[in-house]
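S.K.: This is entry-v1.txt (compact mmCIF, C-alpha atoms).
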# COMPACT_ATOMS: atom_id res chain seq x y z
CA MET A 1 -168.93 165.70 -98.45
CA PRO A 2 -166.50 164.75 -101.21
CA PHE A 3 -162.81 165.10 -100.43
CA TYR A 4 -160.06 166.27 -102.78
CA SER A 5 -156.53 165.00 -102.12
CA PRO A 6 -153.55 167.00 -103.48
CA LEU A 7 -151.57 163.75 -103.65
CA ASN A 8 -154.18 162.12 -105.81
CA PRO A 9 -156.55 164.63 -107.48
CA ILE A 10 -159.61 162.40 -107.44
CA LEU A 11 -162.83 163.09 -105.54
CA PHE A 12 -163.48 160.56 -102.79
CA PHE A 13 -166.78 159.92 -101.07
CA PRO A 14 -165.85 158.20 -97.83
CA SER A 15 -168.54 155.96 -96.39
CA LYS A 16 -167.33 156.72 -92.85
CA PRO A 17 -166.23 159.94 -91.14
CA PHE A 18 -162.96 160.96 -92.74
CA PHE A 19 -161.21 161.94 -89.48
CA LYS A 20 -161.02 158.28 -88.46
CA LEU A 21 -158.86 157.38 -91.50
CA THR A 22 -156.43 160.26 -91.73
CA LYS A 23 -153.27 161.24 -89.94
CA THR A 24 -150.77 164.06 -90.19
CA LEU A 25 -148.50 163.63 -93.26
CA THR A 26 -144.99 165.00 -92.89
CA PHE A 27 -142.22 165.12 -95.50
CA SER A 28 -140.45 162.20 -93.83
CA THR A 29 -143.66 160.15 -93.96
CA LEU A 30 -144.12 160.88 -97.66
CA GLN A 31 -140.44 160.08 -98.32
CA SER A 32 -140.72 156.78 -96.45
CA THR A 33 -143.92 155.90 -98.29
CA ASN A 34 -142.39 156.65 -101.69
CA MET A 35 -139.26 154.65 -100.90
CA SER A 36 -141.37 151.71 -99.75
CA ALA A 37 -143.42 151.85 -102.93
CA SER A 38 -140.26 152.07 -105.00
CA GLN A 39 -138.79 149.09 -103.18
CA ASP A 40 -141.99 147.09 -103.72
CA SER A 41 -141.83 147.96 -107.41
CA MET A 42 -138.21 146.79 -107.60
CA ASN A 43 -139.10 143.55 -105.82
CA ALA A 44 -141.96 142.93 -108.22
CA THR A 45 -139.68 143.62 -111.16
CA SER A 46 -137.03 141.22 -109.88
CA LEU A 47 -139.66 138.53 -109.43
CA ASN A 48 -140.80 138.98 -113.01
CA THR A 49 -137.29 139.06 -114.43
CA PRO A 50 -136.27 135.74 -116.12
CA ILE A 51 -133.92 134.01 -113.75
CA ASN A 52 -131.77 132.68 -116.59
CA LEU A 53 -130.40 136.16 -117.22
CA GLN A 54 -128.63 135.98 -113.86
CA ASN A 55 -128.15 132.31 -113.01
CA TYR A 56 -127.96 130.21 -116.18
CA PRO A 57 -124.55 129.71 -117.83
CA ILE A 58 -124.00 131.35 -121.21
CA PRO A 59 -123.45 129.02 -124.21
CA LEU A 60 -120.17 129.57 -126.04
CA SER A 61 -121.11 128.17 -129.46
CA PRO A 62 -123.29 130.16 -131.89
CA PRO A 63 -127.08 129.79 -131.92
CA LEU A 64 -128.72 127.80 -134.68
CA ASN A 65 -129.01 129.42 -138.08
CA PRO A 66 -132.74 130.07 -138.73
CA LEU A 67 -132.35 128.72 -142.28
CA SER A 68 -131.08 125.43 -140.92
CA LYS A 69 -134.48 124.65 -139.42
CA GLU A 70 -136.10 124.58 -142.86
CA MET A 71 -133.34 122.42 -144.33
CA GLU A 72 -133.35 120.03 -141.37
CA LEU A 73 -137.14 119.67 -141.66
CA ALA A 74 -136.85 118.88 -145.37
CA ARG A 75 -134.16 116.27 -144.67
CA ALA A 76 -136.22 114.71 -141.90
CA MET A 77 -139.31 114.47 -144.11
CA SER A 78 -137.27 112.93 -146.90
CA ALA A 79 -135.80 110.31 -144.55
CA SER A 80 -139.25 109.49 -143.15
CA SER A 81 -140.76 109.07 -146.60
CA ARG A 82 -138.05 106.54 -147.52
CA SER A 83 -138.26 104.53 -144.29
CA SER A 84 -140.90 102.09 -145.58
CA LEU A 85 -138.70 101.26 -148.55
CA PHE A 86 -135.48 100.68 -146.61
CA ALA A 87 -134.13 97.18 -146.06
CA LEU A 88 -130.79 95.98 -144.71
CA SER A 89 -128.87 93.58 -146.94
CA LYS A 90 -126.34 90.86 -146.18
CA SER A 91 -123.57 93.17 -147.38
CA ASP A 92 -124.43 95.56 -144.52
CA VAL A 93 -123.57 92.94 -141.88
CA LEU A 94 -120.22 93.51 -140.17
CA TYR A 95 -120.53 90.80 -137.53
CA GLN A 96 -123.15 88.54 -136.02
CA ASP A 97 -123.52 85.75 -133.50
CA GLN A 98 -126.37 84.39 -131.39
CA TRP A 99 -126.27 87.42 -129.06
CA LEU A 100 -125.74 90.46 -131.27
CA ILE A 101 -125.32 91.78 -134.79
CA ALA A 102 -123.28 94.75 -136.06
CA VAL A 103 -124.33 96.49 -139.28
CA ASN A 104 -123.12 99.37 -141.42
CA LYS A 105 -125.87 102.02 -141.24
CA PRO A 106 -126.15 104.19 -144.37
CA GLN A 107 -126.44 107.96 -144.35
CA GLY A 108 -129.91 109.51 -144.28
CA VAL A 109 -131.59 106.66 -142.38
CA TYR A 110 -132.96 106.75 -138.83
CA CYS A 111 -131.73 104.20 -136.28
CA GLU A 112 -135.31 103.07 -135.70
CA THR A 113 -135.65 102.32 -139.41
CA VAL A 114 -132.56 100.12 -139.27
CA LEU A 115 -133.94 98.32 -136.20
CA ASP A 116 -137.30 97.75 -137.93
CA SER A 117 -135.46 96.20 -140.86
CA ALA A 118 -133.35 93.85 -138.73
CA PRO A 119 -135.89 90.98 -138.33
CA GLN A 120 -136.17 90.57 -142.10
CA LEU A 121 -132.38 90.54 -142.41
CA LEU A 122 -132.03 87.95 -139.63
CA ASP A 123 -134.62 85.73 -141.33
CA CYS A 124 -132.56 85.86 -144.52
CA LEU A 125 -129.40 84.97 -142.62
CA VAL A 126 -131.09 82.01 -140.94
CA GLU A 127 -132.46 80.82 -144.25
CA SER A 128 -129.09 81.05 -145.97
CA SER A 129 -127.45 79.14 -143.10
CA GLY A 130 -129.69 76.15 -143.72
CA LEU A 131 -131.15 76.16 -140.19
CA ASP A 132 -134.78 75.38 -139.54
CA GLU A 133 -136.48 78.68 -138.70
CA GLY A 134 -138.74 76.84 -136.27
CA THR A 135 -135.75 75.90 -134.11
CA VAL A 136 -134.43 79.47 -133.89
CA ALA A 137 -135.84 81.61 -131.07
CA ARG A 138 -137.25 84.98 -132.08
CA PRO A 139 -134.76 87.67 -131.03
CA GLU A 140 -135.50 90.51 -128.60
CA LEU A 141 -133.92 93.30 -130.60
CA HIS A 142 -132.52 96.45 -128.99
CA LEU A 143 -130.28 99.28 -130.20
CA ALA A 144 -126.98 99.15 -128.34
CA ASN A 145 -125.81 102.48 -129.75
CA ARG A 146 -127.45 105.30 -131.66
CA LEU A 147 -126.25 107.38 -134.60
CA ASP A 148 -127.70 110.60 -135.96
CA ARG A 149 -129.86 110.29 -139.05
CA ASP A 150 -127.11 111.46 -141.42
CA THR A 151 -124.24 109.71 -139.63
CA SER A 152 -123.25 106.44 -141.27
CA GLY A 153 -121.26 103.54 -139.87
CA VAL A 154 -121.19 100.93 -137.11
CA MET A 155 -124.46 100.19 -135.35
CA VAL A 156 -124.84 97.32 -132.88
CA ILE A 157 -128.15 95.55 -132.29
CA THR A 158 -128.51 93.05 -129.45
CA LYS A 159 -130.73 89.98 -129.67
CA LEU A 160 -131.51 89.42 -125.97
CA HIS A 161 -132.67 91.69 -123.13
CA LYS A 162 -129.87 90.59 -120.79
CA VAL A 163 -127.24 91.28 -123.45
CA ALA A 164 -128.74 94.74 -124.06
CA SER A 165 -128.49 95.64 -120.36
CA LYS A 166 -124.84 94.55 -120.23
CA LEU A 167 -123.95 96.67 -123.26
CA VAL A 168 -125.80 99.68 -121.85
CA LYS A 169 -123.65 99.39 -118.73
CA ALA A 170 -120.50 99.09 -120.86
CA PHE A 171 -121.36 102.31 -122.69
CA THR A 172 -122.26 104.07 -119.43
CA ASP A 173 -118.96 103.00 -117.84
CA HIS A 174 -117.00 104.25 -120.89
CA LYS A 175 -115.70 100.77 -121.67
CA VAL A 176 -116.56 101.08 -125.36
CA ARG A 177 -114.09 102.83 -127.68
CA LYS A 178 -115.42 104.54 -130.80
CA THR A 179 -113.73 106.29 -133.70
CA TYR A 180 -115.34 108.51 -136.32
CA ILE A 181 -114.23 110.02 -139.62
CA ALA A 182 -115.45 113.51 -140.58
CA LEU A 183 -114.89 115.74 -143.58
CA CYS A 184 -114.75 119.35 -142.44
CA ILE A 185 -114.58 122.68 -144.24
CA GLY A 186 -112.61 125.50 -142.61
CA SER A 187 -109.16 126.95 -142.16
CA ALA A 188 -106.52 124.24 -141.88
CA PRO A 189 -105.78 123.80 -138.17
CA LYS A 190 -102.29 124.40 -136.82
CA TRP A 191 -102.52 121.28 -134.71
CA GLU A 192 -102.13 117.71 -135.90
CA LYS A 193 -103.72 116.23 -132.78
CA ILE A 194 -105.81 117.91 -130.11
CA THR A 195 -108.15 117.03 -127.24
CA ILE A 196 -110.96 119.46 -126.46
CA LYS A 197 -112.77 119.50 -123.13
CA SER A 198 -115.94 121.53 -122.60
CA GLY A 199 -119.44 121.55 -121.19
CA HIS A 200 -122.50 120.32 -123.10
CA GLY A 201 -126.17 121.11 -122.68
CA ARG A 202 -129.39 122.53 -124.06
CA SER A 203 -129.82 126.29 -124.25
CA LYS A 204 -133.09 128.05 -123.35
CA PHE A 205 -134.28 127.47 -126.93
CA GLY A 206 -133.71 123.70 -126.70
CA ALA A 207 -130.67 123.52 -128.97
CA PHE A 208 -127.52 121.70 -127.91
CA ARG A 209 -124.60 124.09 -127.34
CA VAL A 210 -121.03 124.12 -126.12
CA TYR A 211 -120.54 125.52 -122.60
CA ALA A 212 -117.45 126.34 -120.58
CA ALA A 213 -115.77 123.42 -118.84
CA SER A 214 -116.12 125.30 -115.56
CA ASP A 215 -119.93 125.34 -116.06
CA VAL A 216 -120.22 121.56 -115.72
CA GLY A 217 -122.83 120.79 -113.06
CA ARG A 218 -124.66 124.11 -113.33
CA SER A 219 -128.40 124.17 -113.96
CA LEU A 220 -129.92 124.86 -117.37
CA PRO A 221 -133.44 125.79 -118.48
CA GLY A 222 -135.78 122.83 -118.24
CA GLY A 223 -134.07 121.34 -115.20
CA SER A 224 -131.09 119.71 -116.93
CA THR A 225 -127.45 120.42 -116.07
CA VAL A 226 -124.27 121.06 -118.03
CA LYS A 227 -122.44 117.77 -118.65
CA ASP A 228 -118.76 117.23 -119.38
CA MET A 229 -117.79 116.60 -123.01
CA GLU A 230 -114.39 115.49 -124.31
CA THR A 231 -113.24 114.62 -127.84
CA SER A 232 -109.82 113.89 -129.31
CA PHE A 233 -109.08 114.78 -132.94
CA GLU A 234 -106.30 113.99 -135.37
CA VAL A 235 -105.88 115.42 -138.87
CA LEU A 236 -105.62 112.78 -141.59
CA SER A 237 -105.44 115.01 -144.66
CA ILE A 238 -105.78 118.60 -145.80
CA ASN A 239 -107.00 119.21 -149.35
CA GLY A 240 -106.17 115.61 -150.18
CA GLN A 241 -102.61 115.86 -148.93
CA GLY A 242 -101.93 113.27 -146.25
CA SER A 243 -102.29 109.58 -145.62
CA PHE A 244 -105.04 107.53 -144.06
CA ARG A 245 -103.84 105.95 -140.83
CA GLU A 246 -105.39 103.09 -138.93
CA PRO A 247 -106.99 103.90 -135.57
CA SER A 248 -104.45 103.74 -132.76
CA GLU A 249 -104.15 104.68 -129.12
CA PHE A 250 -104.38 108.44 -128.75
CA ASN A 251 -102.26 110.27 -126.20
CA SER A 252 -104.52 113.09 -125.04
CA ASP A 253 -102.05 114.62 -122.57
CA LYS A 254 -99.96 116.69 -124.99
CA ASN A 255 -102.29 119.20 -126.65
CA ILE A 256 -105.41 119.90 -124.58
CA LEU A 257 -107.89 122.73 -125.11
CA VAL A 258 -110.10 123.44 -122.11
CA VAL A 259 -113.00 125.59 -123.27
CA GLU A 260 -113.71 128.66 -121.12
CA GLU A 261 -114.63 131.36 -123.66
CA LYS A 262 -116.10 131.82 -127.10
CA ALA A 263 -113.91 130.75 -130.00
CA VAL A 264 -112.57 133.43 -132.34
CA ILE A 265 -113.09 132.24 -135.92
CA ASP A 266 -111.88 134.13 -138.99
CA THR A 267 -114.84 133.66 -141.32
CA ASP A 268 -113.01 135.36 -144.22
CA ALA A 269 -110.02 133.02 -144.12
CA LYS A 270 -109.32 130.49 -146.88
CA LYS A 271 -111.45 127.35 -146.61
CA ASP A 272 -109.82 123.94 -146.81
CA GLU A 273 -111.07 120.35 -146.94
CA ILE A 274 -109.94 118.68 -143.72
CA LEU A 275 -110.37 114.98 -143.05
CA VAL A 276 -110.20 114.22 -139.35
CA ARG A 277 -110.59 111.24 -137.07
CA ALA A 278 -112.55 111.91 -133.89
CA ILE A 279 -112.47 109.83 -130.71
CA PRO A 280 -115.25 110.80 -128.28
CA ARG A 281 -114.38 110.19 -124.63
CA SER A 282 -117.96 110.89 -123.60
CA GLY A 283 -121.23 110.17 -125.37
CA ARG A 284 -123.09 113.47 -125.62
CA THR A 285 -125.67 114.24 -128.28
CA HIS A 286 -124.08 115.84 -131.38
CA GLN A 287 -120.74 115.87 -129.52
CA ILE A 288 -118.37 115.62 -132.50
CA ARG A 289 -120.46 118.02 -134.57
CA LEU A 290 -120.45 120.61 -131.78
CA HIS A 291 -116.72 120.35 -131.16
CA CYS A 292 -115.94 120.62 -134.87
CA GLN A 293 -118.03 123.79 -134.97
CA TYR A 294 -116.21 125.23 -131.96
CA LEU A 295 -112.80 124.46 -133.51
CA GLY A 296 -113.77 126.38 -136.65
CA ILE A 297 -113.94 123.27 -138.86
CA PRO A 298 -117.67 122.45 -139.11
CA ILE A 299 -118.57 119.24 -140.91
CA ARG A 300 -119.50 119.55 -144.57
CA GLY A 301 -123.27 119.44 -145.00
CA ASP A 302 -123.95 120.01 -141.30
CA VAL A 303 -126.18 123.08 -141.68
CA LYS A 304 -127.31 122.76 -138.05
CA TYR A 305 -123.82 123.62 -136.83
CA GLU A 306 -122.57 126.05 -139.49
CA GLY A 307 -121.35 123.46 -142.00
CA VAL A 308 -121.57 124.43 -145.67
CA CYS A 309 -124.33 122.74 -147.65
CA GLU A 310 -122.91 123.92 -150.99
CA TRP A 311 -119.30 123.29 -151.85
CA LYS A 312 -117.54 123.52 -155.22
CA GLY A 313 -120.79 123.57 -157.16
CA ARG A 314 -122.44 120.67 -155.36
CA THR A 315 -125.23 120.62 -152.77
CA TYR A 316 -125.00 118.18 -149.86
CA ASP A 317 -128.11 116.66 -148.33
CA GLY A 318 -126.52 115.49 -145.07
CA HIS A 319 -123.46 115.92 -142.90
CA GLU A 320 -120.41 113.79 -143.67
CA LEU A 321 -119.68 111.96 -140.44
CA HIS A 322 -118.97 108.23 -140.31
CA ALA A 323 -118.80 105.86 -137.31
CA GLU A 324 -115.61 104.12 -138.38
CA SER A 325 -115.06 101.58 -135.59
CA LEU A 326 -116.39 100.34 -132.29
CA SER A 327 -114.35 98.27 -129.83
CA LEU A 328 -115.69 96.45 -126.77
CA GLU A 329 -115.61 93.27 -124.76
CA HIS A 330 -118.21 90.74 -125.86
CA PRO A 331 -121.03 91.01 -123.28
CA VAL A 332 -121.27 87.21 -122.96
CA THR A 333 -117.92 85.63 -123.86
CA GLY A 334 -115.71 88.50 -122.70
CA GLN A 335 -113.64 88.31 -125.88
CA PRO A 336 -112.36 91.64 -127.32
CA LEU A 337 -114.20 92.72 -130.46
CA MET A 338 -113.65 95.51 -132.96
CA PHE A 339 -116.27 96.28 -135.58
CA ARG A 340 -115.08 98.25 -138.62
CA ALA A 341 -117.34 99.85 -141.22
CA PRO A 342 -115.99 100.48 -144.75
CA LEU A 343 -115.26 104.12 -145.49
CA PRO A 344 -117.99 105.97 -147.40
CA VAL A 345 -117.33 107.34 -150.86
CA TRP A 346 -116.75 110.92 -149.70
CA ALA A 347 -113.89 109.73 -147.45
CA THR A 348 -112.22 107.46 -150.04
CA GLN A 349 -112.32 110.27 -152.60
CA ILE A 350 -110.30 112.48 -150.25
CA VAL A 351 -107.62 109.91 -149.36
Step by step, read the file and then write its structure as C-alpha cells.

M.R.:
Amino acid sequence: MPFYSPLNPILFFPSKPFFKLTKTLTFSTLQSTNMSASQDSMNATSLNTPINLQNYPIPLSPPLNPLSKEMELARAMSASSRSSLFALSKSDVLYQDQWLIAVNKPQGVYCETVLDSAPQLLDCLVESSGLDEGTVARPELHLANRLDRDTSGVMVITKLHKVASKLVKAFTDHKVRKTYIALCIGSAPKWEKITIKSGHGRSKFGAFRVYAASDVGRSLPGGSTVKDMETSFEVLSINGQGSFREPSEFNSDKNILVVEEKAVIDTDAKKDEILVRAIPRSGRTHQIRLHCQYLGIPIRGDVKYEGVCEWKGRTYDGHELHAESLSLEHPVTGQPLMFRAPLPVWATQIV
C-alpha cells in the first residue's frame, strides 16, 4: 500500500515491507537530523564560496577605469599598424660597441618593434664605418631591458647570448641603476623627495595593483604572489617653477612611506603640472605608473592608472614617462657606463 509521510507529503510505494526501513522518530532525532542537514548545507556553501574573499589580500589602488580598456586597445592597434613602417636611425644611437648597443626608444613603439629594426640599423653603422660586412659576425640580438609601449628613453640591446645572460643577472641582482622623468597631473605634493614601499601584484581581474607592504609573499589569484616594490621620487618643478637637476645619489632614509592602507585623494583639489624624477629600486611591471597613481599624481596621458588624457584643450595619445638614464658595469670590460637619453619635448617645455 502507498505510504504518506507527514514530514514529506508525497506518496511512496516501497518495494519492500515498510517495517524493515522505519524506526521511531523522536523530537531529538528530528532535531539532530535537521542540524546535520543544516551543517551539510553550510559545508557545501563554504566549499562553493570563492576562496579569495577570505584568503587573498585586498588591492589598495583603484580598479581599472572601464573606459581605459577602449582607449588602450585603440592605442595598441595604432602602434601595431605603424610597426612595419618604423626604423631606427643613427641619431637614435646613444652608445654602441661590439657587445651591445643603447638606443633612444620613441614613445608609442613596442620594444619588439625596436628590436626588429636593430639589424638594419647595425648594417648601416657597419657600412658607414667602412668595414667589410662579410668580416662582421651577425649579432645575436636580445633585449636587455624592456619599456612600456608609450614609455620613451634608454633601451639596451645585446649582441651576444653570453652578454645577454650577464646583463640579465645584473638586472636581477639590482646592480643596474635607472632614472625616469614623468609629467604628472595632481595636487602639488608637500614633499620634495619621498620613497614609497609597497606590494605589487595582479588582482583577480588580471590588472596590476598596489598592495600593502605587509602583504608581500601572500598568494594571489592565478598562483602568483605579492612582490615588494620600492620607488624614490623627487620633484623637479611644479607648474614650470623649478629647475632641472642632474641625477644624483638619492638618500631614501629620510622620508619613507610604507603602504598599508588605501590612499585618500582629494579629487576636487586644484590640479597642478608636476615634473618628477623616479628611481625604481625594484623592477616591477608598471611600477612607476602605479606608485604615481597611489601618490595622487598620476602621469599625464596614463588612462590605465587614472591619468588625464585631456589637459588644457589637448588630447594625449600616450603617457608621458621617459627612461632618462641607465647606469651599469659593462658586462665584458667591467667599466662603468651611463647611458643618457635626451629629454622629450614635453619635458623640455616644462623646464

S.K.: List as a ChimeraX atom specification the protein and nucleic acid residues near segment 266-281 of chain A, meaning an atom at most 8 Å away when all atoms listed in the file are counted, but skip any in the same chain fewer than 6 places from it.

M.R.: /A:174,177-188,229-240,287-288,297,347,350

S.K.: What's the 10 Å shell around Glu306 of chain A, counting all atoms listed in the file, without same-chain residues fewer than 3 positions away, as a list in words?

M.R.: Pro62, Pro63, Leu64, Asn65, Ser68, Ile185, Arg289, Leu290, Cys292, Gln293, Tyr294, Gly296, Ile297, Pro298, Ile299, Arg300, Gly301, Asp302, Val303 and Cys309 of chain A

S.K.: What does the structure give for the distance between atom CA of Leu121 of chain A and atom CA of Ser83 of chain A, in Å to one decimal?

M.R.: 15.3 Å

S.K.: Have a look at A:Leu143, A:Ala341, A:Gln107, A:His286 and name the one nearest to Phe208 of chain A; count all atoms listed in the file.

M.R.: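 Nearest to Phe208 of chain A: A:His286.
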
S.K.: Which residue is closest to Tyr305 of chain A? Choose from A:Val126, A:Val210, A:Ala164, A:Val154 and count all atoms listed in the file.

M.R.: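 For Tyr305 of chain A, the nearest of the candidates is A:Val210.
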
S.K.: Please determine, counting only C-alpha atoms, which residue among A:Gly199, A:Val156, A:Ala263, A:His291 has the shortest atom-to-atom distance to Gly217 of chain A.

M.R.: A:Gly199

S.K.: Within 12 Å of Lys162 of chain A, counting only C-alpha atoms, which residues show up once you throw out same-chain ones fewer than 5 positions away? Write them as a JSON list (two decimals) with C-alpha atoms, in the coordinates of the input, please.

M.R.:
[["chain", "number", "residue", "atom", "x", "y", "z"],
["A", 99, "TRP", "CA", -126.27, 87.42, -129.06],
["A", 100, "LEU", "CA", -125.74, 90.46, -131.27],
["A", 139, "PRO", "CA", -134.76, 87.67, -131.03],
["A", 140, "GLU", "CA", -135.50, 90.51, -128.60],
["A", 141, "LEU", "CA", -133.92, 93.30, -130.60],
["A", 142, "HIS", "CA", -132.52, 96.45, -128.99],
["A", 144, "ALA", "CA", -126.98, 99.15, -128.34],
["A", 167, "LEU", "CA", -123.95, 96.67, -123.26],
["A", 168, "VAL", "CA", -125.80, 99.68, -121.85],
["A", 169, "LYS", "CA", -123.65, 99.39, -118.73],
["A", 331, "PRO", "CA", -121.03, 91.01, -123.28],
["A", 332, "VAL", "CA", -121.27, 87.21, -122.96]]

S.K.: What is the distance between atom CA of Arg138 of chain A and atom CA of Pro336 of chain A, in Å to one decimal?

M.R.: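 Straight-line distance from atom CA of Arg138 of chain A to atom CA of Pro336 of chain A works out to 26.2 Å.
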
S.K.: Could you check which of A:Val163, A:Met155, A:Val258, A:Ser282 is closest to Thr333 of chain A, using only C-alpha atoms?

M.R.: A:Val163

S.K.: Mind giving me the straight-line distance from atom CA of Ile157 of chain A to atom CA of Asn145 of chain A in Å, one decimal?

M.R.: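 Atom CA of Ile157 of chain A sits 7.7 Å away from atom CA of Asn145 of chain A.
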
S.K.: Which residue gives the smallest distance to Leu94 of chain A among A:Trp311, A:Gly153, A:Gly318, A:Arg146, with only C-alpha atoms counted?

M.R.: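 Checking each of A:Trp311, A:Gly153, A:Gly318, A:Arg146 against Leu94 of chain A, counting only C-alpha atoms, the winner is A:Gly153.
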
S.K.: Nearest residue to Leu73 of chain A out of A:Leu326, A:Tyr211, A:Lys304, A:Trp346, using all atoms listed in the file?

M.R.: A:Lys304
